[in-house]
Every structure is written in C-alpha cells, then in structure tokens.
Amino acid sequence: MRLTQGTFSFLPDLSDDQIRAQIEYCLTNGWAVSLEYTDDPHPRNTYWEMYGNPMFDIKDAAGIMTELQACRKTFPRHYIKLNAFDSTRGVESLKLSFIVQRPGQEPGFVLQREEGKGRIQRYTLRAYATQQPENQRY
Amino acid sequence: MVSTRSSTVRDVSKRYQAGVMKYAQMGYWEPDYQPKETDVLAMFRITPQDGVDAEEAAAAVAGESSTATWTVVWTDRLTASEAYRAKAYKVESVPGSPGQYFAYIAYDLDLFEPGSIANLTASIIGNVFGFKPLKALRLEDMRLPVAYVTTFDGPPTGIVVERERLDKFGRPLLGATVKPKLGLSGKNYGRVVYEALKGGLDFTKDDENTNSQPFMHWRDRFLYCMEAVNHAQATTGEIKGTYLNVTAATMEDMYERAEFARELGSNIVMIDLVIGYTAIQSMAKWCRRNDMILHLHRAGHSTYTRQKTHGISFRVICKWMRLAGVDHIHAGTVVGKLEGDPFSVQGYYNVLREMHNPVDLQRGLFFEQSWGGLRKVMPVASGGIHAGQMHQLLSYFGDDVVLQFGGGTIGHPMGIAAGATANRVALEAMVFARNEGREIWNEGPDILVQAARHCAPLKAALDTWGEVSFNYASTDTPDFVPTATAA
Amino acid sequence: MPANETSLQAPEAESRIDIDAVLRESRVEEVLERLERELIGLRPVKTRIKEIAALLLVDKLRGKFGLSAGPPSLHMCFTGNPGTGKTTVALRMAEILHVLGYSRKGHLVAVTRDDLVGQYIGHTAPKTREVLKRAMGGVLFIDEAYYLYKPENERDYGQEAIEILLQVMENQRDDLVVILAGYKDRMQRFFESNPGLSSRIAHHIDFPDYNGEELFEIAELMLTDMQYQLNEEARRALVEYITLRRGQPHFANARSIRNALDRTRLRHANRLFANRGGVLTREDLVTISAEDIRASRVFLSSGEGKRHES
C-alpha cells in the first residue's frame, strides 16, 4: 500500500529540488519548518518523533535541507514528514505537512472487527509494521 | 430624493396623543444618530410602495422590527422607550436601481436575548417583511457587536481544530455527495462511500433529503457507511469521514441519530438548514459536548436568498450560522451549476473564515465586523464542479474549503475510486504548483495535463468534463463595482 | 526548474555582450556606489571589492559561453583594527554576491565564538549547526575568528566548530559564504595553526587605519546624519581631539569617533539645559560648540595616557 497522509502523497515522490521549492514557499510565508519521523504510521499516531525543534529564523531552504539530509542519514527507512507552522493569531497550527521519505516497503494496516450488539462492529486499525520490535520494522 | 422631512415629535403631550402617527415622527428616523459600538446594525434594501417616502419607509422598518405597533400606545411611557426604539439613521439610493434604497438601522443591544438566533431573527425579520407600505424588503447585511458575538459559542470545532483532528493541512479538503441521493439500499450506498474514500477523498456526504426512507433506514445507512469509512482508513492509512445526516422530524429523533453516529465512531454529523435555527443551535451544543464536527447543508435557502429585492442575503445567513455554531456550510462554487456571483461568494467566504471583516462593498460587506474569538467555519463548495476547474477553485477559495465533486467522482468513466483519485491528484498538483510560484489561473490547464501524465484517471476526467462550464448570469450580484482609477 | 532554462542557453560563439547592459541589469554598480558614499577613505578595500565584483561578473559572462574555471571560491578574510568598517563592508559584500547571483538571499549573520562554541561535550555541534542553518543562503561573518582556536586548552571545543565549518565551506559553497574577521597579526597566527581553513579562503582584504582627515570626515558625516553641525571653533576643537585621541590606547577608529560624538551630544544637551530662562533657536539645537568637545577628558589627560575613553 501507499500511505496517503500528508499534502502531496498522491503525487510521485518529490525530488530534493521540489522539496526545496516547497520549503521556500513556507519561509516566504514566515512559517517555521520542522521535521518529524516515525516507524508507526497509524493515522492516529499524532506525535511522531521530533527531529529537533521547529526551525525559526531560517532565511533559505538550504539550512532545512541540511537537517533533512542528516535526518535521512540517521533514519534511512523511517517515514519522515516536513511540517510548516504558522504562529499567526487565529491559526497557531500547521499550514502544510507532507511526507519527504517513506520506507521502500509499506506493509499497511490490518482492520480488526469485533462483533457488538445490534450489528455494531468495533473497529481497530493496526500497522503490520508495529507487530515487529522497534528496530526491525522497516 | 423628495422627502417630507418628518422629524421626531419632541413635545411629549403631542407625541403620545392617541391615533396614528408617522413612524418618523415617533422617533424611528434619526439622521443624526451615531451608532454605538454595542449596537446591532442592520442594512435593508427597501422598495417602498409608490408615494411612500423612503425615510418614512426606513423608519417603519425600524419601528416594526423593534418596539412599534401601528398606532401610538401610552404604555411606551412606562419604558425607557428612547433607548429601545430602533433608529433608522441613514437612507441612500441603490446605485443603478431606481426606487430602491439602502436603509441603515441601529438596535440597542438590550433588545436581544444573549445567544439566541431565534430571538435575533424574530426581531429583525419577524413581522416586517410582510409590511404593506413596502413592495419588497431585503436584509442585506448586519453588524453584530462583539459584546453580542461573545454570547454565542460559535462553531463547535472550527477550521483549525478540524484540520488537526483530520491531520490534513495545506490544501482544500475533498468530498463527494453519494448519488443517486434516493433509492440506494444501505449496502449499495456504503459501496459508494468506500470506493470514493479509498480512491482519495477525505469525506463523503449524505444529501439533504437522505434521511430514513423505505429503501434505506437511517441505522442501516450509518452502519454500512462506518464500515466503509473504517475499511478505507485501513487501506490508505489516512483519516476519513462521512457526513451522516441526522436531520429528522423531532429533536428527540435527531439526538438519537447523532448518539448512534457517535457510538459508531463517526467524526462528523450533518443537518439541514430547514430544521430551523433553534434546532441548529441545539445540535451545535450537542456537537461541542461530543467532539463532533457539524456539517450544515443549506437546504431551502434559495427560497429567500436568491432574489435581490426581497428576502435575506446569504451573507447574513452565514453570519447567523457562524454565531449559531456550525463547522461546515455550503457557500457556493462560483464555477458550478448553482447560483453564485464570484464577488458575492467571496464575501460569504470571508464572513465565515476571517477573524475580522473590513467594509468591502464590492463583496457586499457593508459593515466592519469583528468576530472576537469565535472559531472559523469551513465553507463547502458543492454542485456541478469537476477536476478540470481545479485552478479556478483554488484561486477563488484558497486552502480552507471543502471541494465536493459528487458527479465528478461517481460519474467517472473508470469507476468511483478512479474518479476520487483524479480529483485528489488534480488538487495536489495544483496546490504544489501554486506553492512553487506558478500562475495557476493561467497555467492551470497545462498543470492538469502534466499531472495527468502519471495519472490515467485524471486524464479520463479531463477528457470527459474538461470543457463543461455553467455560464449563466447571476441574479444576486453586488451593487457596487470597482471604478477604474485614472492611471 | 526548466522554466528559465531558455534564457541561459549558450549564445553563439561570435555573438557580443554589451558590458554596460550587463552592469545595469546586475545592479552591482548601485551597491558599489553606495559603498563609495557610505564609507570614507578605505581606498585599497574599495579597490579590492571592485576587483572581486568584476571577477564574479566576468565569470558569469564566461559561463554564458560555456567557459568555466570551476565554481569560484568566495570565502574571505577581512583583517584590520576595530572600527575600520569590516562589518559594513561585509554587509555590502553580501549584497554584491546577491545581485550577482552568488548568494540566494544575501543576508548577513554576524557571530562570535560564543555563538558557535558550547560549554560542555555535545553542545558545540548543535550550536554551530544552528548558526549555519540561519546563515544558509547568505553570508556568515565570524568576528575575531581566532578565538575559535585556543591552543593553550587542549580540551577546547572550538576545534569541533572549526571542523564543522570547514566541511560546510568545502561542500556547500553554493549555500554559504564565510567571512572571517579580526586583527591582522592574530589572524595570521590562527591560519598558521589551521592550514585547512587558510587554504579555503580565496580573498584576503586588509582594512587600514583611518588617518586624521578621514576620521574628521567620518565625524562630519555622522553629525550630518544625526542633524547636527559644528561651528568654526568646534571644528578646530574636533581636529585637536582626533589628534590626541589617536595617540591614546584602545583607539578604535570610527567606533571611537562615534562614542566621542555621543558624549558630545550629551554635553551639548546639558549646556542648553543649564542655560534656563534663555530662549532657544533651531540654530542652538543643531550647533555643537567648542566647549562641548573640549570638556572631554581626552584634553585633560593628554600626555598621561591614563584616561582614554571620555
């Protein structure tokens, strides 16, 4: 399967030049860019690990690309996403978030059902990958 | 403007003599009045009957929508009637429309029960629209003072929290209404939901009259739809939702349906505008208590919003609905099959999405409006739109909008999932290009063709609908057009 | 991006280039003129800057014909005493690099050792990287760069910062230009013990001290900017002041002049304030008189060389 979280998941994987252009867009808008990685892509896994703090006061995408390369080197088979945070009053949340690295193999999720009363099903989603110990997931 | 200039009768002994008196003389016309920060302001388009003076007509509207009756009553003198009387303070001719006038009226804050749309509307549009001296009357705009705004809870979720809950940022959301809206069994209906969500949409939607009919009872629909939502989440690893319409005959029925939707794990429920303001506010409170997104389908609004001379402008409905507390509201597409002038529609979007609206006559916003801390409503663009218009939709509306492609998804020649994929790819390619700094308004068609190279469903969609457009003159257009400045 | 490829296509071998048009287009002359206006004296520095600008511009033109001497190395070293205009020139240099397309953003991030080097193990690398991230796309100006290296302390973390810096200077030349600055002699010793760094510096620019006339001109320029003027007596006093002050320790060129003028303004204000009951004209408010300058301790302590900054 292909995990479709993030803004550009339906496009072919982005090249570094394309990522750089999106970062420039974020910086032009005054948003702080941050990187997060995980080996548990469950859609309700809200808190991926932060690769450092959000990067404030950055003028050029090169600074962020350096961090991204370092993150990729440390976690070559994890999911990595790039977030852009807008601190404007009334937003104070992400304005863009897209995946910039994904594992070669994405085993996907199993949907477990449990019968309830009156035809109700209880649904549980589990990532196949998380059935492995942490260091063997991807 | 010819006017008899009837002014307020200040001599108390004459003012309260039994009998009929002009509204203007009763004190409802006060051209010198300076509206207070805390006043509720309303602007009406009035078309007086022949021979009725515009100022008297405005005063009559002020009177009938506040304290007055057709004759003088001495019991006024038991009240601080000076304060409670609404004041028509400005009348001006409508540009290019002889016989029509814009009448500005100020209402004291104490005339309104806090936090009640029913009470506000009972005053402002209660009696006055049938008033005989007027041929037609339309409520164009309102300024709701912050002191009044803050008596409402507003949207239970709002744009920012909705995005965080769905984990979707930086692009419009995508939806589709299940078609045909009547006749499908629960099982077949759920199939459409599953295919559309799996293919790439964020939401699917019940239609306004999909309630509980012989071919599909509501419980059946809810169960199949939630199976489809959960299955699609497992297939994509992405949060999905379906607007379960809980509209029903009574509040008890609506609560029962909403409770069931919550029990099944739905993140959103839906109501129709026709259930009425009080029912909408009740559902807003329920959604706030239950962390549920509330989608409002504006069923019925065109009966009173579409004609320019009589009724209520949709921008006023948007303001009331932001107060009442809905998270989504259908607000027009500009390019689709339903009525919508581009500037007027942008005016509605601004009312729903901004923290503060400046006066913007071109977009039909006659008053400055501050929304205090009230959350923002996500507008929904739905009706006759397709992937080939993506550049126009993104240019008009930006990121904070739900784009709903019903026919454009389900009618796709390669199937429903392919239709959904086509829409999602078109959307992401367009957002991507815009962020890269490309001029999507002009380059849009090229960008779509490029994106279609790696997406056969998008190619099929462009081949099928690329040329479809709905070019009809709008009926509800702004009265102010930008004048060319001398260069 | 393929969109602007067309304009960069190689012209025919025999086609000509209008050098005036290229200069106009690059806006580099504007920056050079501004440098000329803003900074008094500094003749050799200005000449070097123009030479570098010319080299970069010609490199770009050669590139249009497909001629290349390899990507130019742009890292620089500015040496000279305090107050000789190194930071100001660095700002203009960043602008020049920007208009010529050698620096994408053209901003200047000025730092010293404390911004780069940490207090404990594992502290330095993140600090240095943080600074580098902010400077990417622009120019990193490291003042008194030799403090990065402390040979007397073998456990000093400065070396770590130097190594990270070196890597970036070598591998990300498109992303960052580094300017090292400080006293000339110290910088020479620093390079001797850090040959790796020295070999990556393409341009060395030496900033001479200002002479008396130049310092006087600088003072006048500063006063004009602040909307003050000197009367005849005051001009003479200032000339004397400059001569005395230059002979005293801790003299920092333009910076000492700036400080002296700040104190002069203070005394000017006090003099006007003391003269209550009188009527003030606009003239009084803008005119510095000799007593405002002569009250300085520079005059009292002349010959003693003890009090230096008042």
# chains A, B, ... in the order shown; residues from 1 in each chain; ligands from 1
$ interface_residues --of "chain A" --to "chain B" --cutoff "6 Å" --atoms "only C-alpha atoms" --output "ChimeraX atom specification"
/A:3-5,8,10,21,25,43,95-97,109,111
$ closest_atom_pairs --of "chain C" --to "chain A" --cutoff "8 Å" --atoms "only C-alpha atoms" --output "JSON lines"
{"residue": "C:Arg104", "atom": "CA", "partner": "A:Asp60", "partner_atom": "CA", "distance": 7.7}
{"residue": "C:Lys105", "atom": "CA", "partner": "A:Asp60", "partner_atom": "CA", "distance": 6.8}
{"residue": "C:His107", "atom": "CA", "partner": "A:Lys59", "partner_atom": "CA", "distance": 7.9}
{"residue": "C:Leu132", "atom": "CA", "partner": "A:Gly63", "partner_atom": "CA", "distance": 7.0}
{"residue": "C:Lys133", "atom": "CA", "partner": "A:Gly63", "partner_atom": "CA", "distance": 4.0}
{"residue": "C:Arg134", "atom": "CA", "partner": "A:Ile58", "partner_atom": "CA", "distance": 4.7}
{"residue": "C:Ala135", "atom": "CA", "partner": "A:Lys59", "partner_atom": "CA", "distance": 7.3}
{"residue": "C:Met136", "atom": "CA", "partner": "A:Gly63", "partner_atom": "CA", "distance": 5.3}
{"residue": "C:Gly137", "atom": "CA", "partner": "A:Asp60", "partner_atom": "CA", "distance": 5.1}
{"residue": "C:Gly138", "atom": "CA", "partner": "A:Asp60", "partner_atom": "CA", "distance": 7.9}
{"residue": "C:Asp175", "atom": "CA", "partner": "A:Ala62", "partner_atom": "CA", "distance": 6.3}
$ closest_residue --among "A:Gly6, A:Pro76, A:Gly90, A:Pro41" --to "Ala129 in chain A" --atoms "only C-alpha atoms"
A:Pro41
$ residues_around --residues "Glu29 in chain C" --least-positions-apart "5" --cutoff "12 Å" --atoms "only C-alpha atoms" --output "PDB file with N, CA and C atoms, in the first residue's frame"
ATOM      1  N   ASP C  20      27.921  47.291 -20.584  1.00  0.00           N
ATOM      2  CA  ASP C  20      27.126  48.277 -19.850  1.00  0.00           C
ATOM      3  C   ASP C  20      25.764  47.724 -19.479  1.00  0.00           C
ATOM      4  N   ALA C  21      25.165  47.038 -20.473  1.00  0.00           N
ATOM      5  CA  ALA C  21      23.836  46.476 -20.231  1.00  0.00           C
ATOM      6  C   ALA C  21      23.903  45.439 -19.111  1.00  0.00           C
ATOM      7  N   VAL C  22      24.956  44.626 -19.130  1.00  0.00           N
ATOM      8  CA  VAL C  22      25.099  43.601 -18.100  1.00  0.00           C
ATOM      9  C   VAL C  22      25.227  44.247 -16.728  1.00  0.00           C
ATOM     10  N   LEU C  23      26.025  45.320 -16.661  1.00  0.00           N
ATOM     11  CA  LEU C  23      26.218  46.008 -15.386  1.00  0.00           C
ATOM     12  C   LEU C  23      24.903  46.582 -14.872  1.00  0.00           C
ATOM     13  N   ARG C  24      24.177  47.228 -15.798  1.00  0.00           N
ATOM     14  CA  ARG C  24      22.893  47.816 -15.408  1.00  0.00           C
ATOM     15  C   ARG C  24      21.965  46.757 -14.846  1.00  0.00           C
ATOM     16  N   ARG C  34      26.994  52.894  -3.439  1.00  0.00           N
ATOM     17  CA  ARG C  34      26.561  53.082  -2.064  1.00  0.00           C
ATOM     18  C   ARG C  34      27.753  52.886  -1.120  1.00  0.00           C
ATOM     19  N   LEU C  35      28.575  51.894  -1.420  1.00  0.00           N
ATOM     20  CA  LEU C  35      29.772  51.624  -0.625  1.00  0.00           C
ATOM     21  C   LEU C  35      30.683  52.849  -0.641  1.00  0.00           C
ATOM     22  N   GLU C  36      30.828  53.437  -1.833  1.00  0.00           N
ATOM     23  CA  GLU C  36      31.665  54.614  -2.008  1.00  0.00           C
ATOM     24  C   GLU C  36      31.142  55.770  -1.153  1.00  0.00           C
ATOM     25  N   ILE C  49      37.276  45.215  -3.464  1.00  0.00           N
ATOM     26  CA  ILE C  49      35.881  44.805  -3.612  1.00  0.00           C
ATOM     27  C   ILE C  49      35.470  44.890  -5.090  1.00  0.00           C
ATOM     28  N   LYS C  50      35.869  45.992  -5.734  1.00  0.00           N
ATOM     29  CA  LYS C  50      35.517  46.144  -7.156  1.00  0.00           C
ATOM     30  C   LYS C  50      36.152  45.049  -7.985  1.00  0.00           C
ATOM     31  N   ALA C  53      34.162  41.947  -7.513  1.00  0.00           N
ATOM     32  CA  ALA C  53      32.888  42.057  -8.242  1.00  0.00           C
ATOM     33  C   ALA C  53      33.109  41.832  -9.732  1.00  0.00           C
ATOM     34  N   ALA C  54      34.191  42.421 -10.265  1.00  0.00           N
ATOM     35  CA  ALA C  54      34.481  42.281 -11.696  1.00  0.00           C
ATOM     36  C   ALA C  54      34.749  40.817 -12.027  1.00  0.00           C
ATOM     37  N   LEU C  57      31.518  38.884 -12.022  1.00  0.00           N
ATOM     38  CA  LEU C  57      30.669  39.238 -13.158  1.00  0.00           C
ATOM     39  C   LEU C  57      31.195  38.589 -14.441  1.00  0.00           C
ATOM     40  N   ARG C  92      27.749  44.999   2.596  1.00  0.00           N
ATOM     41  CA  ARG C  92      27.691  45.345   1.170  1.00  0.00           C
ATOM     42  C   ARG C  92      28.157  44.171   0.316  1.00  0.00           C
ATOM     43  N   GLU C  95      25.453  41.863  -0.261  1.00  0.00           N
ATOM     44  CA  GLU C  95      24.547  42.406  -1.278  1.00  0.00           C
ATOM     45  C   GLU C  95      25.082  42.187  -2.682  1.00  0.00           C
ATOM     46  N   ILE C  96      26.400  42.437  -2.823  1.00  0.00           N
ATOM     47  CA  ILE C  96      27.020  42.263  -4.143  1.00  0.00           C
ATOM     48  C   ILE C  96      26.882  40.809  -4.596  1.00  0.00           C
ATOM     49  N   VAL C  99      23.251  40.241  -5.713  1.00  0.00           N
ATOM     50  CA  VAL C  99      22.816  40.774  -7.014  1.00  0.00           C
ATOM     51  C   VAL C  99      23.529  40.060  -8.161  1.00  0.00           C
ATOM     52  N   LEU C 100      24.719  39.534  -7.902  1.00  0.00           N
ATOM     53  CA  LEU C 100      25.428  38.809  -8.955  1.00  0.00           C
ATOM     54  C   LEU C 100      25.010  37.338  -9.023  1.00  0.00           C
TER      55      LEU C 100
END
$ atom_distance --atom1 "CA of Thr121 in chain B" --atom2 "CA of Phe314 in chain B"
14.1 Å
$ residues_around --residues "Ser289 in chain C" --least-positions-apart "3" --cutoff "8 Å" --atoms "only C-alpha atoms" --output "number ranges by chain"
C: 230-231, 233-234, 268, 292-293
$ write_last_selection --atoms "N, CA and C atoms" --output "short mmCIF file (atom, residue, chain, number, x, y, z; two decimals), in the first residue's frame"
data_model
loop_
_atom_site.label_atom_id
_atom_site.label_comp_id
_atom_site.auth_asym_id
_atom_site.auth_seq_id
_atom_site.Cartn_x
_atom_site.Cartn_y
_atom_site.Cartn_z
N LEU C 230 28.78 71.63 13.21
CA LEU C 230 29.86 72.18 14.03
C LEU C 230 30.06 73.64 13.66
N ASN C 231 30.26 74.51 14.67
CA ASN C 231 30.68 75.86 14.30
C ASN C 231 32.19 75.88 14.13
N GLU C 233 34.81 77.15 15.66
CA GLU C 233 35.61 76.81 16.85
C GLU C 233 35.56 75.31 17.10
N ALA C 234 34.37 74.81 16.98
CA ALA C 234 34.17 73.38 17.27
C ALA C 234 34.94 72.52 16.29
N HIS C 268 26.30 68.81 24.99
CA HIS C 268 25.54 69.85 24.28
C HIS C 268 24.16 70.01 24.91
N ASP C 292 31.61 71.96 24.03
CA ASP C 292 31.03 70.62 24.11
C ASP C 292 32.11 69.56 23.86
N ILE C 293 33.09 69.92 23.06
CA ILE C 293 34.15 68.97 22.71
C ILE C 293 35.31 69.07 23.69
#
$ select_by_dssp --residues "range 233-395 of chain B" --states "helix (DSSP H, G or I)" --output "MDAnalysis selection string"
chainID B and resid 233:236 251:263 273:275 277:289 302:305 314:324 342:353 361:363 387:395
$ atom_distance --atom1 "CA of Glu144 in chain C" --atom2 "CA of Thr112 in chain C"
6.7 Å
$ select_by_dssp --residues "range 18-253 of chain C" --states "strand (DSSP E)" --output "ChimeraX atom specification"
/C:76-80,108-111,139-143,177-182,203-207,229-230
